[in-house]
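So this block is entry_0.csv, CSV, C-alpha atoms:
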```csv
chain,number,residue,atom,x,y,z
Z,187,MET,CA,-90.2,25.2,19.9
Z,188,SER,CA,-90.9,27.0,23.2
Z,189,ASP,CA,-94.4,27.9,24.3
Z,190,LEU,CA,-93.5,31.2,25.9
Z,191,VAL,CA,-96.6,33.0,27.2
Z,192,THR,CA,-96.6,36.7,27.7
Z,193,GLY,CA,-98.5,38.6,30.4
Z,194,GLU,CA,-101.3,39.1,27.9
Z,195,ALA,CA,-101.7,35.4,27.4
Z,196,ILE,CA,-100.1,35.4,24.0
Z,197,VAL,CA,-98.1,32.3,23.0
Z,198,LEU,CA,-94.9,33.6,21.4
Z,199,GLY,CA,-93.7,30.2,20.0
Z,200,LEU,CA,-90.0,31.2,20.0
Z,201,GLN,CA,-87.4,28.6,19.0
Z,202,THR,CA,-85.1,27.9,21.9
Z,203,ALA,CA,-81.4,27.4,21.3
Z,204,LYS,CA,-80.0,23.9,21.4
Z,205,LEU,CA,-77.0,22.7,23.4
Z,206,PRO,CA,-74.3,22.9,20.6
Z,207,SER,CA,-75.1,26.5,19.6
Z,208,ARG,CA,-75.2,27.6,23.2
Z,209,ALA,CA,-71.9,25.8,24.1
Z,210,LEU,CA,-70.2,27.4,21.1
Z,211,ALA,CA,-71.5,30.9,22.1
Z,212,ILE,CA,-70.2,30.3,25.6
Z,213,VAL,CA,-66.8,29.2,24.3
Z,214,ILE,CA,-66.5,32.4,22.2
Z,215,ASP,CA,-67.4,34.6,25.2
Z,216,LEU,CA,-64.9,32.8,27.5
Z,217,LEU,CA,-62.1,33.1,25.0
Z,218,VAL,CA,-62.6,36.8,24.7
Z,219,GLU,CA,-62.8,37.3,28.4
Z,220,PHE,CA,-59.7,35.2,29.2
Z,221,ALA,CA,-57.8,37.0,26.5
Z,222,ALA,CA,-58.7,40.4,28.0
Z,223,LEU,CA,-57.8,39.2,31.4
Z,224,LEU,CA,-54.4,37.9,30.3
Z,225,VAL,CA,-53.6,41.2,28.5
Z,226,PHE,CA,-54.5,43.3,31.6
Z,227,THR,CA,-52.6,41.0,33.9
Z,228,LEU,CA,-49.4,41.4,31.9
Z,229,LEU,CA,-49.7,45.1,31.7
Z,230,LEU,CA,-50.3,45.4,35.5
Z,231,SER,CA,-47.4,43.1,36.3
Z,232,LEU,CA,-45.1,45.3,34.2
Z,233,ALA,CA,-46.5,48.5,35.7
Z,234,LEU,CA,-46.4,47.3,39.3
Z,235,ILE,CA,-43.1,45.4,39.3
Z,236,GLY,CA,-42.3,46.2,42.9
Z,237,LEU,CA,-45.6,45.1,44.3
Z,238,ASP,CA,-45.6,42.5,47.1
Z,239,GLY,CA,-47.2,39.1,46.8
Z,240,ALA,CA,-50.3,39.8,48.9
Z,241,ALA,CA,-51.2,43.0,46.9
Z,242,LEU,CA,-50.5,41.2,43.6
Z,243,ALA,CA,-52.8,38.3,44.6
Z,244,ALA,CA,-55.6,40.8,45.5
Z,245,THR,CA,-55.2,42.5,42.2
Z,246,MET,CA,-55.4,39.3,40.3
Z,247,ILE,CA,-58.6,38.3,42.2
Z,248,GLY,CA,-60.1,41.7,41.4
Z,249,LEU,CA,-59.3,41.4,37.7
Z,250,THR,CA,-60.7,37.9,37.5
Z,251,VAL,CA,-64.0,38.9,39.1
Z,252,PHE,CA,-64.2,42.0,36.9
Z,253,PHE,CA,-63.6,40.2,33.6
Z,254,LEU,CA,-65.4,36.9,34.3
Z,255,VAL,CA,-68.4,38.2,36.2
Z,256,ALA,CA,-68.8,42.0,35.9
Z,257,VAL,CA,-68.1,42.3,32.2
Z,258,PRO,CA,-70.6,39.6,31.1
Z,259,VAL,CA,-73.2,41.1,33.4
Z,260,MET,CA,-72.8,44.6,31.9
Z,261,VAL,CA,-72.7,43.3,28.3
Z,262,GLU,CA,-75.9,41.3,28.7
Z,263,THR,CA,-77.6,44.2,30.5
Z,264,PHE,CA,-76.7,46.9,27.9
Z,265,THR,CA,-77.3,44.7,24.9
Z,266,ARG,CA,-80.6,43.2,26.2
Z,267,GLY,CA,-79.2,39.7,26.3
Z,268,ARG,CA,-76.8,39.5,23.4
Z,269,SER,CA,-73.1,38.8,24.2
Z,270,LEU,CA,-70.4,38.6,21.5
Z,271,GLY,CA,-70.9,34.8,21.1
Z,272,LYS,CA,-74.7,35.0,21.1
Z,273,ALA,CA,-74.7,37.8,18.6
Z,274,ALA,CA,-72.4,35.7,16.3
Z,275,LEU,CA,-74.7,32.7,16.4
Z,276,GLY,CA,-78.0,34.7,16.3
Z,277,LEU,CA,-79.0,34.0,20.0
Z,278,ARG,CA,-80.5,36.2,22.6
Z,279,VAL,CA,-81.3,35.8,26.3
Z,280,VAL,CA,-85.0,36.7,27.2
Z,281,ARG,CA,-87.2,36.3,30.1
Z,282,THR,CA,-89.6,33.4,30.4
Z,283,ASP,CA,-92.4,35.7,29.3
Z,284,GLY,CA,-90.5,36.8,26.2
Z,285,GLY,CA,-89.5,40.2,27.5
Z,286,PRO,CA,-85.9,41.6,27.5
Z,287,VAL,CA,-83.6,40.8,30.4
Z,288,ARG,CA,-82.7,43.4,33.1
Z,289,PHE,CA,-79.8,43.8,35.4
Z,290,ARG,CA,-81.0,41.4,38.1
Z,291,HIS,CA,-81.4,38.6,35.5
Z,292,SER,CA,-78.0,39.2,34.1
Z,293,LEU,CA,-76.5,39.4,37.6
Z,294,VAL,CA,-77.9,36.0,38.6
Z,295,ARG,CA,-76.8,34.4,35.4
Z,296,GLY,CA,-73.3,35.8,35.8
Z,297,LEU,CA,-72.9,34.8,39.4
Z,298,VAL,CA,-74.2,31.3,38.9
Z,299,GLY,CA,-72.3,31.0,35.6
Z,300,PHE,CA,-69.0,31.7,37.2
Z,301,PHE,CA,-69.3,28.6,39.4
Z,302,GLU,CA,-71.2,26.6,36.9
Z,303,LEU,CA,-69.0,27.2,33.8
Z,304,ILE,CA,-65.6,28.2,35.1
Z,305,MET,CA,-65.2,26.7,38.6
Z,306,LEU,CA,-66.9,23.4,37.7
Z,307,SER,CA,-65.7,23.3,34.0
Z,308,GLY,CA,-69.2,23.5,32.7
Z,309,ALA,CA,-70.3,20.0,33.7
Z,310,PRO,CA,-73.5,21.1,35.6
Z,311,ALA,CA,-74.5,23.3,32.6
Z,312,VAL,CA,-74.1,20.5,30.1
Z,313,ILE,CA,-76.1,18.0,32.2
Z,314,THR,CA,-78.9,20.5,33.0
Z,315,SER,CA,-79.2,21.7,29.4
Z,316,ALA,CA,-79.4,18.1,28.1
Z,317,VAL,CA,-82.1,17.2,30.6
Z,318,HIS,CA,-84.2,20.4,30.5
Z,319,THR,CA,-86.9,20.6,27.8
Z,320,GLU,CA,-86.0,24.2,26.9
Z,321,GLY,CA,-82.2,23.7,27.2
Z,322,LYS,CA,-81.8,25.8,30.3
Z,323,ARG,CA,-78.7,25.7,32.4
Z,324,LEU,CA,-78.7,26.4,36.2
Z,325,GLY,CA,-78.2,30.2,35.7
Z,326,ASP,CA,-81.3,30.3,33.4
Z,327,ILE,CA,-83.4,28.4,35.9
Z,328,PHE,CA,-82.4,30.6,38.9
Z,329,ALA,CA,-82.8,33.9,36.8
Z,330,GLY,CA,-86.0,32.9,35.0
Z,331,THR,CA,-84.5,33.3,31.5
Z,332,VAL,CA,-84.2,31.3,28.4
Z,333,VAL,CA,-81.9,31.5,25.3
Z,334,VAL,CA,-83.8,31.7,22.0
Z,335,ARG,CA,-82.9,32.0,18.4
Z,336,GLU,CA,-83.4,35.4,16.7
Z,337,ARG,CA,-82.6,34.3,13.2
Z,338,THR,CA,-84.6,31.3,12.0
Z,339,PRO,CA,-83.1,30.0,8.7
Z,340,GLY,CA,-85.5,28.8,6.1
Z,341,PRO,CA,-85.3,27.5,2.5
Z,342,GLY,CA,-83.4,29.9,0.4
Z,343,GLY,CA,-82.5,32.2,3.3
Z,344,SER,CA,-84.6,34.0,5.9
Z,345,VAL,CA,-88.3,34.1,5.4
Z,346,SER,CA,-89.9,37.5,5.3
Z,347,PRO,CA,-92.8,37.5,7.8
Z,348,LEU,CA,-94.8,40.1,5.8
Z,349,PRO,CA,-94.9,39.8,2.0
Z,350,PRO,CA,-95.1,43.1,0.0
Z,351,VAL,CA,-98.6,44.5,-0.6
Z,352,HIS,CA,-99.7,45.9,-3.8
Z,353,PRO,CA,-100.2,49.8,-3.6
Z,354,HIS,CA,-103.6,49.6,-5.4
Z,355,LEU,CA,-104.8,47.1,-2.7
Z,356,LEU,CA,-103.7,49.5,0.1
Z,357,HIS,CA,-105.4,52.4,-1.6
Z,358,SER,CA,-108.7,50.6,-2.0
Z,359,MET,CA,-108.5,49.4,1.6
Z,360,GLY,CA,-107.9,52.9,2.9
Z,361,ARG,CA,-111.3,54.0,1.7
Z,362,GLU,CA,-112.9,51.0,3.4
Z,363,LEU,CA,-111.1,51.6,6.7
Z,364,VAL,CA,-112.8,55.0,7.2
Z,365,ALA,CA,-116.3,53.3,7.0
Z,366,MET,CA,-115.5,50.5,9.4
Z,367,ASP,CA,-117.3,50.3,12.8
Z,368,LEU,CA,-114.7,49.5,15.4
Z,369,SER,CA,-116.9,50.0,18.5
Z,370,ALA,CA,-117.6,46.3,18.8
Z,371,VAL,CA,-113.9,45.3,19.3
Z,372,PRO,CA,-113.1,44.7,22.9
Z,373,GLU,CA,-110.0,46.3,24.5
Z,374,PRO,CA,-108.3,42.9,25.3
Z,375,LEU,CA,-108.3,42.1,21.5
Z,376,TRP,CA,-106.7,45.4,20.7
Z,377,LEU,CA,-104.1,44.7,23.4
Z,378,ALA,CA,-103.4,41.3,21.9
Z,379,ILE,CA,-103.0,42.8,18.4
Z,380,ARG,CA,-100.6,45.4,19.6
Z,381,GLN,CA,-98.5,42.8,21.5
Z,382,PHE,CA,-98.4,40.5,18.5
Z,383,LEU,CA,-97.4,43.2,16.0
Z,384,ALA,CA,-94.6,44.4,18.3
Z,385,ARG,CA,-93.1,41.0,18.5
Z,386,ALA,CA,-93.9,39.6,15.1
Z,387,SER,CA,-90.3,39.9,13.9
Z,388,GLN,CA,-89.1,37.7,16.7
Z,389,LEU,CA,-91.5,34.8,16.0
Z,390,ASP,CA,-91.1,31.8,13.9
Z,391,PRO,CA,-92.8,32.4,10.4
Z,392,GLU,CA,-95.2,29.5,10.8
Z,393,VAL,CA,-96.1,30.5,14.3
Z,394,MET,CA,-96.5,34.2,13.3
Z,395,HIS,CA,-98.7,33.2,10.3
Z,396,ARG,CA,-100.9,31.0,12.5
Z,397,MET,CA,-101.3,33.7,15.2
Z,398,SER,CA,-102.0,36.4,12.6
Z,399,VAL,CA,-104.7,34.3,10.9
Z,400,GLY,CA,-106.4,33.7,14.2
Z,401,LEU,CA,-106.3,37.4,15.3
Z,402,ALA,CA,-107.3,38.7,11.9
Z,403,GLY,CA,-110.3,36.3,11.8
Z,404,ASP,CA,-111.5,37.4,15.2
Z,405,LEU,CA,-111.1,41.0,14.3
Z,406,SER,CA,-112.9,40.6,11.0
Z,407,ALA,CA,-115.8,38.9,12.7
Z,408,ARG,CA,-116.1,41.7,15.2
Z,409,ILE,CA,-116.1,44.6,12.7
Z,410,GLY,CA,-118.1,42.7,10.1
Z,411,HIS,CA,-115.5,43.3,7.3
Z,412,PRO,CA,-113.8,40.4,5.5
Z,413,ILE,CA,-110.1,40.4,4.8
Z,414,ALA,CA,-109.3,41.6,1.3
Z,415,PRO,CA,-108.0,38.8,-1.0
Z,416,GLY,CA,-104.3,38.8,-1.3
Z,417,LEU,CA,-103.7,40.8,1.9
Z,418,HIS,CA,-101.6,39.3,4.6
Z,419,PRO,CA,-103.5,38.9,7.9
Z,420,ALA,CA,-100.7,40.7,9.8
Z,421,ALA,CA,-101.0,43.7,7.3
Z,422,PHE,CA,-104.7,43.7,7.9
Z,423,LEU,CA,-104.2,43.9,11.6
Z,424,GLY,CA,-101.7,46.7,11.3
Z,425,ALA,CA,-104.0,48.7,9.0
Z,426,VAL,CA,-107.0,48.4,11.3
Z,427,LEU,CA,-105.0,49.2,14.4
Z,428,THR,CA,-103.5,52.3,12.7
Z,429,GLU,CA,-107.1,53.5,11.8
Z,430,ARG,CA,-108.2,53.1,15.4
Z,431,GLN,CA,-105.2,55.1,16.6
Z,432,ARG,CA,-106.0,57.8,14.0
Z,433,ARG,CA,-109.6,58.1,15.2
Z,434,GLU,CA,-108.5,58.3,18.9
Z,435,TRP,CA,-106.0,61.0,18.0
Z,436,THR,CA,-108.7,63.0,16.1
Z,437,ARG,CA,-111.1,62.7,19.0
Z,438,VAL,CA,-108.4,64.0,21.4
Z,439,GLN,CA,-107.7,67.0,19.1
Z,440,GLU,CA,-111.4,67.8,18.7
Z,441,ARG,CA,-111.8,67.7,22.5
Z,442,GLN,CA,-108.9,70.0,23.1
Z,443,TRP,CA,-110.2,72.4,20.4
Z,444,ALA,CA,-113.7,72.5,22.0
Z,445,ALA,CA,-112.2,73.0,25.4
Z,446,GLY,CA,-110.1,76.0,24.2
Z,447,PRO,CA,-112.8,78.7,23.7
Z,448,MET,CA,-114.6,77.6,26.9
Z,449,ALA,CA,-111.5,77.8,28.9
Z,450,ALA,CA,-111.1,81.4,27.7
Z,451,GLN,CA,-114.5,82.4,29.1
Z,452,VAL,CA,-113.8,81.1,32.7
Z,453,PRO,CA,-112.8,84.1,34.9
Z,454,ALA,CA,-109.3,83.9,36.3
Z,455,PRO,CA,-109.2,83.1,40.0
Z,456,ARG,CA,-108.4,86.0,42.4
Z,457,PRO,CA,-104.9,85.7,43.7
Z,458,ALA,CA,-104.8,84.7,47.3
Z,459,SER,CA,-103.4,87.2,49.7
Z,460,GLY,CA,-102.9,85.0,52.7
Z,461,PRO,CA,-105.2,83.6,55.4
Z,462,PHE,CA,-106.9,86.9,55.9
Z,463,PRO,CA,-109.4,88.5,53.5
Z,464,ALA,CA,-108.7,91.7,51.7
Z,465,PRO,CA,-110.0,95.0,53.4
Z,466,VAL,CA,-113.6,95.8,52.6
Z,467,PRO,CA,-114.3,99.2,51.0
Z,468,THR,CA,-116.5,101.6,52.9
Z,469,GLY,CA,-120.2,101.0,52.5
Z,470,ALA,CA,-119.7,97.3,51.3
Z,471,ALA,CA,-120.8,94.2,53.2
Z,472,PRO,CA,-117.8,92.5,54.8
Z,473,GLU,CA,-116.9,89.1,53.3
Z,474,GLN,CA,-116.8,85.9,55.3
Z,475,PRO,CA,-113.3,85.0,56.6
Z,476,VAL,CA,-111.4,82.6,54.4
Z,477,ARG,CA,-110.8,79.2,55.9
Z,478,VAL,CA,-107.3,77.9,55.2
Z,479,LEU,CA,-106.4,74.3,55.8
Z,480,GLY,CA,-104.3,73.9,58.9
Z,481,VAL,CA,-104.8,77.6,60.0
Z,482,PRO,CA,-107.6,78.3,62.6
Z,483,PRO,CA,-110.2,80.9,61.4
Z,484,GLN,CA,-109.2,84.4,62.4
Z,485,PRO,CA,-111.8,87.1,63.2
Z,486,ALA,CA,-112.1,89.9,60.7
Z,487,PRO,CA,-110.4,93.1,61.9
Z,488,LEU,CA,-112.8,95.8,63.1
Z,489,ALA,CA,-112.9,99.1,61.4
Z,490,THR,CA,-111.8,101.9,63.8
Z,491,THR,CA,-111.9,105.6,63.4
Z,492,ALA,CA,-109.3,108.0,64.6
Z,493,PRO,CA,-110.3,110.1,67.7
Z,494,VAL,CA,-111.1,113.8,67.0
Z,495,THR,CA,-108.5,115.9,68.8
Z,496,PRO,CA,-109.8,119.3,70.0
Z,497,PRO,CA,-107.9,122.3,68.8
Z,498,ALA,CA,-105.2,123.7,71.2
Z,499,PRO,CA,-106.1,127.0,72.9
Z,500,PRO,CA,-104.3,130.1,71.6
Z,501,GLN,CA,-101.2,131.0,73.5
Z,502,PRO,CA,-101.0,134.6,74.7
Z,503,VAL,CA,-98.5,136.7,72.8
Z,504,PRO,CA,-96.0,138.4,75.2
Z,505,ALA,CA,-95.8,142.2,74.9
Z,506,ALA,CA,-92.7,143.6,73.5
Z,507,PRO,CA,-90.4,145.2,76.1
Z,508,THR,CA,-90.4,149.0,76.1
Z,509,ALA,CA,-87.3,151.1,76.6
Z,510,PRO,CA,-87.3,153.3,79.9
Z,511,ALA,CA,-87.9,157.0,79.3
Z,512,ALA,CA,-85.0,159.3,79.6
Z,513,PRO,CA,-85.0,161.5,82.7
Z,514,THR,CA,-86.0,165.1,82.1
Z,515,ALA,CA,-84.9,168.2,84.0
Z,516,PRO,CA,-87.5,169.6,86.5
Z,517,SER,CA,-89.4,172.6,85.4
Z,518,LEU,CA,-89.1,175.8,87.3
Z,519,ASP,CA,-92.6,177.0,86.6
Z,520,LYS,CA,-94.4,174.0,88.2
Z,521,PRO,CA,-93.4,172.8,91.5
Z,522,GLY,CA,-92.5,169.3,91.8
Z,523,PRO,CA,-93.6,166.7,94.3
Z,524,GLY,CA,-90.2,167.0,96.0
Z,525,PHE,CA,-88.8,169.4,98.7
Z,526,ALA,CA,-89.2,173.1,98.1
Z,527,PRO,CA,-86.8,175.5,99.7
Z,528,PRO,CA,-88.2,178.3,101.7
Z,529,ALA,CA,-88.5,181.6,100.2
```
Go ahead and render the structure in this file as structure tokens.
Amino acid sequence: MSDLVTGEAIVLGLQTAKLPSRALAIVIDLLVEFAALLVFTLLLSLALIGLDGAALAATMIGLTVFFLVAVPVMVETFTRGRSLGKAALGLRVVRTDGGPVRFRHSLVRGLVGFFELIMLSGAPAVITSAVHTEGKRLGDIFAGTVVVRERTPGPGGSVSPLPPVHPHLLHSMGRELVAMDLSAVPEPLWLAIRQFLARASQLDPEVMHRMSVGLAGDLSARIGHPIAPGLHPAAFLGAVLTERQRREWTRVQERQWAAGPMAAQVPAPRPASGPFPAPVPTGAAPEQPVRVLGVPPQPAPLATTAPVTPPAPPQPVPAAPTAPAAPTAPSLDKPGPGFAPPA
């Protein structure tokens, strides 16, 4: 049994995998990888029949690195620590705190495993796993991981961690949950309960039962409500945690409903029109200039009036030209101003 401790100081108690099961899982994985490498090598040798020796050697090295390093790393990353051999034997690679592995953990395991398992024929892995208390090989030590068992066999098959609860018991407990006072429960205890319920299926049944009894007893003492007879402690924890989440959700909904009408009464802000204030109407007091971050204050523009232009003097109207009078014959009765002949 491994005493894995999470970041919330919860002892998981997962059962670590032994050397025979790990060795068998590695053998299954290597057989599949070498078979895929052989098939692709034959196909490429037939497709690239006219390739020279240097290019063929480079291609073989690339295929070897891809199938023996890249493929195991990708499989463990996407399946969260379950390769084909580990899935067949019910094993999984996890971090030392019980969390799922990530790409960096799988990459370190794959690079170290290539030299540890293939180049050195697995001798360092066997020696390290036999000496280490948790059965880790060098790749696990460098990556900070451990291989655990997901399926723990029990008498007559797998043991169900949560026995079925009678519906009448759940109905009667539902009325009691509404009247419980949950204000005395500290936040660290709620966090421990959530972490435990999230990983209860991965724990050994005995460890799970022991942890559920401890957490349920602490929670029962805080809220002053005993556990109903016949109710599993883990089911009691789940019911109380669900009731707390329901209350929090109800408070959030009430707060949003109360903030709705108040938000409607708040006047909408006036849209900004730049760093200068809007023009002030005639007769109103001018507003103070708006100070904009990063822009120096600008003086308000002064109101100016258009100058009054005097009317232009009237222009004299030119007289219309008159036609010259036609010459008339001199009259004989009246002497004219000209020369008069002598009588």
**Report entry** For atom CA of Z:Ala425 and atom CA of Z:Leu383, the interatomic separation in Å (one decimal)
**Finding:**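 Separation between atom CA of Z:Ala425 and atom CA of Z:Leu383: 11.1 Å.
Atom pair atom CA of Z:Asp283 / atom CA of Z:Ile304: separated by 28.4 Å.
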Query raised in the report: Could you work out how far atom CA of Z:Gly236 lies from atom CA of Z:Val257, giving the answer in Å with one decimal?
Result: 28.2 Å
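Shortest separation to Z:Gln381 among Z:Leu368, Z:Ile327, Z:Leu401, Z:Ile409 occurs at residue Z:Leu401, atoms counted being only C-alpha atoms.
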Requested in this report: Identify which of the residues Z:Leu297, Z:Leu205, Z:Glu392, Z:Ala444 lies closest to Z:Glu320, counting all atoms listed in the file when measuring atom-to-atom distances.
Outcome: Z:Leu205
Report task. Could you check which of Z:Ala407, Z:Ala402, Z:Ala329, Z:Met394 is closest to Z:Ala370, using all atoms listed in the file? Result ->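 Closest to Z:Ala370, using all atoms listed in the file: Z:Ala407.
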Query raised in the report: Residues at most 9 Å from Z:Leu254, counting only C-alpha atoms, excluding those fewer than 6 positions away in the same chain, as a VMD selection string?
Result: chain Z and resid 216 219 to 220 223 296 300 304
**Report entry** Residue with smallest distance to Z:Val255 - pool Z:Gly299, Z:Pro391, Z:Gly416, Z:Pro310, counting all atoms listed in the file
**Finding:** Z:Gly299
Missing atoms in stretch 267-278 of chain Z should be modelled up to N, CA, C and O atoms and reported as a PDB file, in the frame of the given file.
```
ATOM      1  N   GLY Z 267     -79.372  41.110  26.435  1.00  0.00           N
ATOM      2  CA  GLY Z 267     -79.200  39.700  26.300  1.00  0.00           C
ATOM      3  C   GLY Z 267     -78.408  39.152  25.175  1.00  0.00           C
ATOM      4  O   GLY Z 267     -78.497  37.961  24.844  1.00  0.00           O
ATOM      5  N   ARG Z 268     -77.578  39.986  24.579  1.00  0.00           N
ATOM      6  CA  ARG Z 268     -76.800  39.500  23.400  1.00  0.00           C
ATOM      7  C   ARG Z 268     -75.288  39.796  23.750  1.00  0.00           C
ATOM      8  O   ARG Z 268     -74.813  40.930  23.716  1.00  0.00           O
ATOM      9  N   SER Z 269     -74.576  38.733  24.060  1.00  0.00           N
ATOM     10  CA  SER Z 269     -73.100  38.800  24.200  1.00  0.00           C
ATOM     11  C   SER Z 269     -72.477  38.664  22.842  1.00  0.00           C
ATOM     12  O   SER Z 269     -73.157  38.535  21.818  1.00  0.00           O
ATOM     13  N   LEU Z 270     -71.149  38.669  22.826  1.00  0.00           N
ATOM     14  CA  LEU Z 270     -70.400  38.600  21.500  1.00  0.00           C
ATOM     15  C   LEU Z 270     -70.698  37.198  20.897  1.00  0.00           C
ATOM     16  O   LEU Z 270     -70.968  37.108  19.688  1.00  0.00           O
ATOM     17  N   GLY Z 271     -70.611  36.111  21.674  1.00  0.00           N
ATOM     18  CA  GLY Z 271     -70.900  34.800  21.100  1.00  0.00           C
ATOM     19  C   GLY Z 271     -72.306  34.593  20.690  1.00  0.00           C
ATOM     20  O   GLY Z 271     -72.583  33.989  19.642  1.00  0.00           O
ATOM     21  N   LYS Z 272     -73.239  35.101  21.474  1.00  0.00           N
ATOM     22  CA  LYS Z 272     -74.700  35.000  21.100  1.00  0.00           C
ATOM     23  C   LYS Z 272     -74.991  35.779  19.876  1.00  0.00           C
ATOM     24  O   LYS Z 272     -75.798  35.363  19.037  1.00  0.00           O
ATOM     25  N   ALA Z 273     -74.399  36.984  19.748  1.00  0.00           N
ATOM     26  CA  ALA Z 273     -74.700  37.800  18.600  1.00  0.00           C
ATOM     27  C   ALA Z 273     -74.089  37.119  17.308  1.00  0.00           C
ATOM     28  O   ALA Z 273     -74.662  37.224  16.220  1.00  0.00           O
ATOM     29  N   ALA Z 274     -72.958  36.425  17.436  1.00  0.00           N
ATOM     30  CA  ALA Z 274     -72.400  35.700  16.300  1.00  0.00           C
ATOM     31  C   ALA Z 274     -73.226  34.566  15.819  1.00  0.00           C
ATOM     32  O   ALA Z 274     -73.253  34.238  14.626  1.00  0.00           O
ATOM     33  N   LEU Z 275     -73.935  33.923  16.743  1.00  0.00           N
ATOM     34  CA  LEU Z 275     -74.700  32.700  16.400  1.00  0.00           C
ATOM     35  C   LEU Z 275     -76.231  33.050  16.323  1.00  0.00           C
ATOM     36  O   LEU Z 275     -77.036  32.131  16.156  1.00  0.00           O
ATOM     37  N   GLY Z 276     -76.612  34.310  16.449  1.00  0.00           N
ATOM     38  CA  GLY Z 276     -78.000  34.700  16.300  1.00  0.00           C
ATOM     39  C   GLY Z 276     -78.850  34.247  17.528  1.00  0.00           C
ATOM     40  O   GLY Z 276     -80.016  33.872  17.357  1.00  0.00           O
ATOM     41  N   LEU Z 277     -78.304  34.340  18.738  1.00  0.00           N
ATOM     42  CA  LEU Z 277     -79.000  34.000  20.000  1.00  0.00           C
ATOM     43  C   LEU Z 277     -79.268  35.198  20.811  1.00  0.00           C
ATOM     44  O   LEU Z 277     -78.599  36.220  20.665  1.00  0.00           O
ATOM     45  N   ARG Z 278     -80.207  35.081  21.719  1.00  0.00           N
ATOM     46  CA  ARG Z 278     -80.500  36.200  22.600  1.00  0.00           C
ATOM     47  C   ARG Z 278     -81.109  35.574  23.918  1.00  0.00           C
ATOM     48  O   ARG Z 278     -81.871  34.606  23.864  1.00  0.00           O
TER      49      ARG Z 278
END
```
